[in-house]
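Student: Input structure: protein31.cif, which contains mmCIF, C-alpha atoms.
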data_query
loop_
_atom_site.label_atom_id
_atom_site.label_comp_id
_atom_site.auth_asym_id
_atom_site.auth_seq_id
_atom_site.Cartn_x
_atom_site.Cartn_y
_atom_site.Cartn_z
CA MET A 1 10.31 -8.00 -2.43
CA LYS A 2 8.59 -9.62 0.52
CA ARG A 3 5.06 -8.35 1.32
CA ASP A 4 3.50 -11.12 3.41
CA ARG A 5 2.77 -8.97 6.48
CA SER A 6 1.19 -6.21 4.35
CA ARG A 7 -1.09 -8.81 2.74
CA GLU A 8 -2.07 -10.14 6.18
CA LEU A 9 -2.88 -6.65 7.47
CA PHE A 10 -4.91 -5.85 4.35
CA GLU A 11 -6.94 -9.07 4.74
CA GLN A 12 -7.71 -8.10 8.36
CA ALA A 13 -8.56 -4.54 7.33
CA CYS A 14 -11.01 -5.72 4.67
CA GLY A 15 -13.07 -7.33 7.42
CA LEU A 16 -13.08 -4.13 9.49
CA ILE A 17 -12.94 -1.17 7.09
CA PRO A 18 -14.98 -0.76 3.87
CA GLY A 19 -12.61 -1.56 1.01
CA GLY A 20 -9.87 -2.25 3.56
CA VAL A 21 -8.60 1.34 3.58
CA ASN A 22 -9.66 4.65 5.15
CA SER A 23 -9.43 6.70 1.98
CA PRO A 24 -10.98 6.06 -1.43
CA VAL A 25 -7.73 7.41 -2.90
CA ARG A 26 -5.87 4.41 -1.45
CA ALA A 27 -8.50 1.85 -2.51
CA PHE A 28 -7.10 -1.15 -4.33
CA GLY A 29 -10.32 -2.86 -5.39
CA HIS A 30 -10.25 -1.60 -8.97
CA VAL A 31 -6.50 -1.56 -9.57
CA GLY A 32 -5.58 -4.95 -8.13
CA GLY A 33 -2.90 -5.86 -5.66
CA THR A 34 -2.70 -4.95 -2.01
CA PRO A 35 -1.47 -1.78 -0.31
CA VAL A 36 1.93 -1.59 1.35
CA TYR A 37 1.64 -1.07 5.12
CA PHE A 38 4.31 1.21 6.53
CA ALA A 39 5.86 0.79 9.97
CA SER A 40 8.28 3.71 10.32
CA ALA A 41 9.87 6.64 8.55
CA SER A 42 12.91 8.87 8.87
CA GLY A 43 14.10 11.62 6.56
CA SER A 44 13.15 10.73 3.00
CA GLY A 45 12.81 7.00 3.68
CA VAL A 46 9.96 4.79 4.81
CA MET A 47 10.07 1.18 5.98
CA ASP A 48 7.18 -1.21 5.50
CA VAL A 49 6.01 -3.91 7.91
CA ASP A 50 7.95 -6.49 5.90
CA GLY A 51 11.28 -4.67 6.27
CA ASN A 52 11.40 -3.19 2.75
CA ARG A 53 12.76 0.36 2.50
CA TYR A 54 11.44 2.97 0.06
CA VAL A 55 12.20 6.57 -0.85
CA ASP A 56 9.11 8.67 -0.04
CA PHE A 57 8.64 11.06 -2.93
CA CYS A 58 5.20 12.18 -1.66
CA GLN A 59 6.25 13.46 1.79
CA SER A 60 2.57 13.61 2.73
CA TRP A 61 1.87 15.74 -0.36
CA GLY A 62 4.01 18.62 0.94
CA PRO A 63 3.59 18.99 4.71
CA LEU A 64 6.69 16.87 5.34
CA ILE A 65 8.96 19.08 3.25
CA LEU A 66 11.71 18.62 5.88
CA GLY A 67 11.29 14.83 5.85
CA HIS A 68 9.94 12.32 8.34
CA SER A 69 10.84 12.51 12.04
CA ARG A 70 13.14 15.52 11.75
CA GLU A 71 14.43 16.26 15.25
CA GLU A 72 13.35 19.91 15.37
CA VAL A 73 9.86 19.11 14.11
CA VAL A 74 9.41 16.25 16.60
CA ALA A 75 10.52 18.57 19.42
CA ALA A 76 8.05 21.27 18.33
CA VAL A 77 5.19 18.74 18.17
CA GLN A 78 6.08 17.39 21.62
CA GLU A 79 6.03 20.95 22.98
CA ALA A 80 2.66 21.72 21.36
CA ALA A 81 0.89 18.39 22.06
CA PRO A 82 0.00 19.08 25.72
CA ARG A 83 -2.01 22.11 24.56
CA GLY A 84 -4.07 19.92 22.19
CA LEU A 85 -3.47 18.38 18.76
CA SER A 86 -6.51 19.60 16.84
CA TYR A 87 -9.22 22.06 17.78
CA GLY A 88 -11.47 22.28 14.75
CA ALA A 89 -11.70 25.99 15.64
CA VAL A 90 -9.56 29.11 15.37
CA HIS A 91 -6.53 29.54 17.65
CA GLY A 92 -3.54 31.83 18.10
CA GLY A 93 -1.21 29.45 16.28
CA GLU A 94 -2.97 30.37 13.03
CA VAL A 95 -2.01 34.02 13.51
CA THR A 96 1.60 33.06 14.27
CA LEU A 97 1.80 30.82 11.20
CA ALA A 98 0.23 33.46 8.94
CA ARG A 99 2.80 36.03 10.12
CA MET A 100 5.66 33.62 9.49
CA ILE A 101 4.45 32.85 5.96
CA LEU A 102 3.87 36.51 5.11
CA ASP A 103 7.33 37.42 6.44
CA GLY A 104 8.74 35.01 3.87
CA PHE A 105 6.60 36.37 1.04
CA PRO A 106 6.48 40.17 1.42
CA GLN A 107 4.65 40.58 -1.91
CA PHE A 108 1.55 39.04 -0.29
CA ASP A 109 -0.65 40.88 2.17
CA ARG A 110 -2.80 37.94 3.34
CA VAL A 111 -2.64 34.17 3.47
CA ARG A 112 -4.97 31.30 4.22
CA ALA A 113 -2.86 28.77 6.06
#
Before we go any further, please render this structure as C-alpha coordinates.
Tutor:
Amino acid sequence: MKRDRSRELFEQACGLIPGGVNSPVRAFGHVGGTPVYFASASGSGVMDVDGNRYVDFCQSWGPLILGHSREEVVAAVQEAAPRGLSYGAVHGGEVTLARMILDGFPQFDRVRA
(Lines of atoms letter the chains of each structure in order from A and count residues from 1; the text may use other names and numbers.)
(Lines give C-alpha, C1' and ligand atoms only; values in the text may rest on other atoms or scores of the structure.)
Protein backbone atom coordinates (compact mmCIF):
# COMPACT_ATOMS: atom_id res chain seq x y z
CA MET A 1 0.00 0.00 0.00
CA LYS A 2 1.46 3.32 -1.07
CA ARG A 3 1.66 6.02 1.65
CA ASP A 4 4.27 8.48 0.36
CA ARG A 5 1.99 11.54 0.33
CA SER A 6 0.73 10.80 3.88
CA ARG A 7 4.34 10.62 5.08
CA GLU A 8 5.13 13.94 3.38
CA LEU A 9 2.13 15.64 4.97
CA PHE A 10 3.00 14.24 8.40
CA GLU A 11 6.59 15.53 8.10
CA GLN A 12 5.23 19.00 7.25
CA ALA A 13 2.71 18.82 10.09
CA CYS A 14 5.40 17.93 12.64
CA GLY A 15 7.04 21.27 11.93
CA LEU A 16 3.77 23.15 12.40
CA ILE A 17 1.67 21.25 14.95
CA PRO A 18 2.92 19.75 18.25
CA GLY A 19 3.27 16.02 17.65
CA GLY A 20 2.13 16.55 14.06
CA VAL A 21 -1.56 16.05 14.86
CA ASN A 22 -4.38 18.11 16.40
CA SER A 23 -5.54 15.47 18.84
CA PRO A 24 -3.54 13.49 21.39
CA VAL A 25 -5.76 10.52 20.48
CA ARG A 26 -4.25 10.53 16.97
CA ALA A 27 -0.65 10.99 18.16
CA PHE A 28 1.81 8.53 16.66
CA GLY A 29 4.91 9.37 18.67
CA HIS A 30 4.60 6.45 21.07
CA VAL A 31 3.12 3.84 18.72
CA GLY A 32 5.37 4.34 15.70
CA GLY A 33 4.46 4.84 12.09
CA THR A 34 2.74 7.80 10.51
CA PRO A 35 -0.95 8.67 10.28
CA VAL A 36 -2.94 8.16 7.10
CA TYR A 37 -4.14 11.46 5.62
CA PHE A 38 -7.59 11.26 4.09
CA ALA A 39 -8.68 13.21 1.02
CA SER A 40 -12.34 12.31 0.52
CA ALA A 41 -15.17 10.11 1.70
CA SER A 42 -18.49 8.79 0.44
CA GLY A 43 -20.87 6.36 2.09
CA SER A 44 -18.86 3.90 4.17
CA GLY A 45 -15.61 4.45 2.27
CA VAL A 46 -12.73 6.87 2.67
CA MET A 47 -9.89 7.58 0.26
CA ASP A 48 -6.45 8.67 1.42
CA VAL A 49 -4.15 11.18 -0.28
CA ASP A 50 -2.24 8.29 -1.87
CA GLY A 51 -5.33 6.83 -3.56
CA ASN A 52 -5.87 3.93 -1.13
CA ARG A 53 -9.50 3.15 -0.27
CA TYR A 54 -10.66 2.01 3.17
CA VAL A 55 -13.93 1.03 4.82
CA ASP A 56 -14.65 3.53 7.61
CA PHE A 57 -15.88 1.53 10.58
CA CYS A 58 -15.70 4.57 12.92
CA GLN A 59 -18.05 6.91 11.01
CA SER A 60 -16.85 9.75 13.23
CA TRP A 61 -17.71 7.70 16.33
CA GLY A 62 -21.43 7.73 15.52
CA PRO A 63 -22.45 11.11 14.06
CA LEU A 64 -22.05 9.77 10.50
CA ILE A 65 -24.46 6.89 11.02
CA LEU A 66 -25.83 7.51 7.50
CA GLY A 67 -22.33 7.51 5.99
CA HIS A 68 -20.13 10.20 4.47
CA SER A 69 -21.53 12.76 2.03
CA ARG A 70 -25.08 11.39 1.98
CA GLU A 71 -27.07 13.61 -0.38
CA GLU A 72 -29.84 14.50 2.08
CA VAL A 73 -27.37 15.37 4.83
CA VAL A 74 -25.25 17.53 2.49
CA ALA A 75 -28.40 19.37 1.37
CA ALA A 76 -29.47 19.99 4.98
CA VAL A 77 -26.01 21.32 5.89
CA GLN A 78 -26.00 23.61 2.85
CA GLU A 79 -29.41 24.95 3.89
CA ALA A 80 -28.28 25.54 7.49
CA ALA A 81 -24.77 26.93 6.79
CA PRO A 82 -25.85 30.49 5.88
CA ARG A 83 -27.38 30.81 9.37
CA GLY A 84 -24.04 29.89 11.00
CA LEU A 85 -22.16 26.64 11.59
CA SER A 86 -21.50 26.82 15.32
CA TYR A 87 -22.73 29.24 17.95
CA GLY A 88 -21.27 28.01 21.21
CA ALA A 89 -24.62 29.07 22.70
CA VAL A 90 -28.21 27.81 22.80
CA HIS A 91 -30.38 28.02 19.69
CA GLY A 92 -33.76 26.85 18.42
CA GLY A 93 -32.25 23.91 16.56
CA GLU A 94 -31.55 22.26 19.91
CA VAL A 95 -35.27 22.31 20.74
CA THR A 96 -36.13 20.86 17.32
CA LEU A 97 -33.55 18.10 17.67
CA ALA A 98 -34.67 17.25 21.21
CA ARG A 99 -38.29 16.93 20.01
CA MET A 100 -37.25 14.67 17.14
CA ILE A 101 -35.24 12.38 19.44
CA LEU A 102 -38.01 12.21 22.05
CA ASP A 103 -40.57 11.41 19.34
CA GLY A 104 -38.47 8.37 18.49
CA PHE A 105 -38.11 7.30 22.13
CA PRO A 106 -41.47 7.88 23.83
CA GLN A 107 -40.29 6.18 27.04
CA PHE A 108 -38.00 9.17 27.68
CA ASP A 109 -39.25 12.53 28.87
CA ARG A 110 -36.03 14.55 28.39
CA VAL A 111 -32.82 14.37 26.40
CA ARG A 112 -29.49 16.14 26.30
CA ALA A 113 -28.60 16.35 22.64
Student: CA of Phe105 (chain A) and CA of Gly67 (chain A) are how many Å apart?
Tutor: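 If I compute the distance from CA of Phe105 (chain A) to CA of Gly67 (chain A), I get 22.6 Å.
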Student: Using all atoms listed in the file, which residues of region 55-102 of chain A come within 9 Å of region 36-44 of chain A, and what is the closest atom pair for each, with the distance in Å to one decimal? Give it as a tab-separated table, sorted by chain and residue number.
Tutor:
residue	atom	partner	partner_atom	distance
A:Val55	CA	A:Ser44	CA	5.7
A:Asp56	CA	A:Ser44	CA	5.5
A:Phe57	CA	A:Ser44	CA	7.5
A:Gln59	CA	A:Ser44	CA	7.5
A:Leu66	CA	A:Gly43	CA	7.4
A:Gly67	CA	A:Gly43	CA	4.3
A:His68	CA	A:Gly43	CA	4.6
A:Ser69	CA	A:Ser42	CA	5.3
A:Arg70	CA	A:Gly43	CA	6.6
Student: Give me the residues near Glu8 (chain A) as a list in words, where near means some atom within 12 Å (using all atoms listed in the file) and where sequence neighbours in that chain fewer than 5 positions away do not count.
Tutor: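 So, after excluding close chain neighbours, the residues are Arg3, Ala13, Cys14, Gly15, Gly20, Thr34, Pro35, Val36, Tyr37, Val49 and Asp50 of chain A.
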Student: Just write the chosen residues, C-alpha atoms, as a PDB file, in the frame of the given file.
Tutor:
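Listed below is the output, result.pdb:
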ATOM      1  CA  ARG A   3       5.060  -8.350   1.320  1.00  0.00           C
ATOM      2  CA  ALA A  13      -8.560  -4.540   7.330  1.00  0.00           C
ATOM      3  CA  CYS A  14     -11.010  -5.720   4.670  1.00  0.00           C
ATOM      4  CA  GLY A  15     -13.070  -7.330   7.420  1.00  0.00           C
ATOM      5  CA  GLY A  20      -9.870  -2.250   3.560  1.00  0.00           C
ATOM      6  CA  THR A  34      -2.700  -4.950  -2.010  1.00  0.00           C
ATOM      7  CA  PRO A  35      -1.470  -1.780  -0.310  1.00  0.00           C
ATOM      8  CA  VAL A  36       1.930  -1.590   1.350  1.00  0.00           C
ATOM      9  CA  TYR A  37       1.640  -1.070   5.120  1.00  0.00           C
ATOM     10  CA  VAL A  49       6.010  -3.910   7.910  1.00  0.00           C
ATOM     11  CA  ASP A  50       7.950  -6.490   5.900  1.00  0.00           C
TER      12      ASP A  50
END
Student: Take the PyMOL selection byres ((chain A and resi 112) around 12), run it mentally on this structure, and tell me the resulting residues as a ChimeraX atom specification.
Tutor: /A:94-95,97-99,101-102,108-111,113
Student: What is the distance between CA of Arg26 (chain A) and CA of Val46 (chain A), in Å to one decimal?
Tutor: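 CA of Val46 (chain A) lies at a distance of 17.0 Å from CA of Arg26 (chain A).
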Student: Would you mind reading off the distance between CA of Gln12 (chain A) and CA of Trp61 (chain A), one decimal, in Å?
Tutor: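 Going from CA of Gln12 (chain A) over to CA of Trp61 (chain A) covers 27.1 Å.
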Student: Select, from A:Ser6, A:Asn22, A:Gly29, A:Gly104, the residue with the minimum atom-to-atom distance to Gly51 (chain A), counting only C-alpha atoms.
Tutor: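 That would be A:Ser6, the residue with the smallest distance to Gly51 (chain A).
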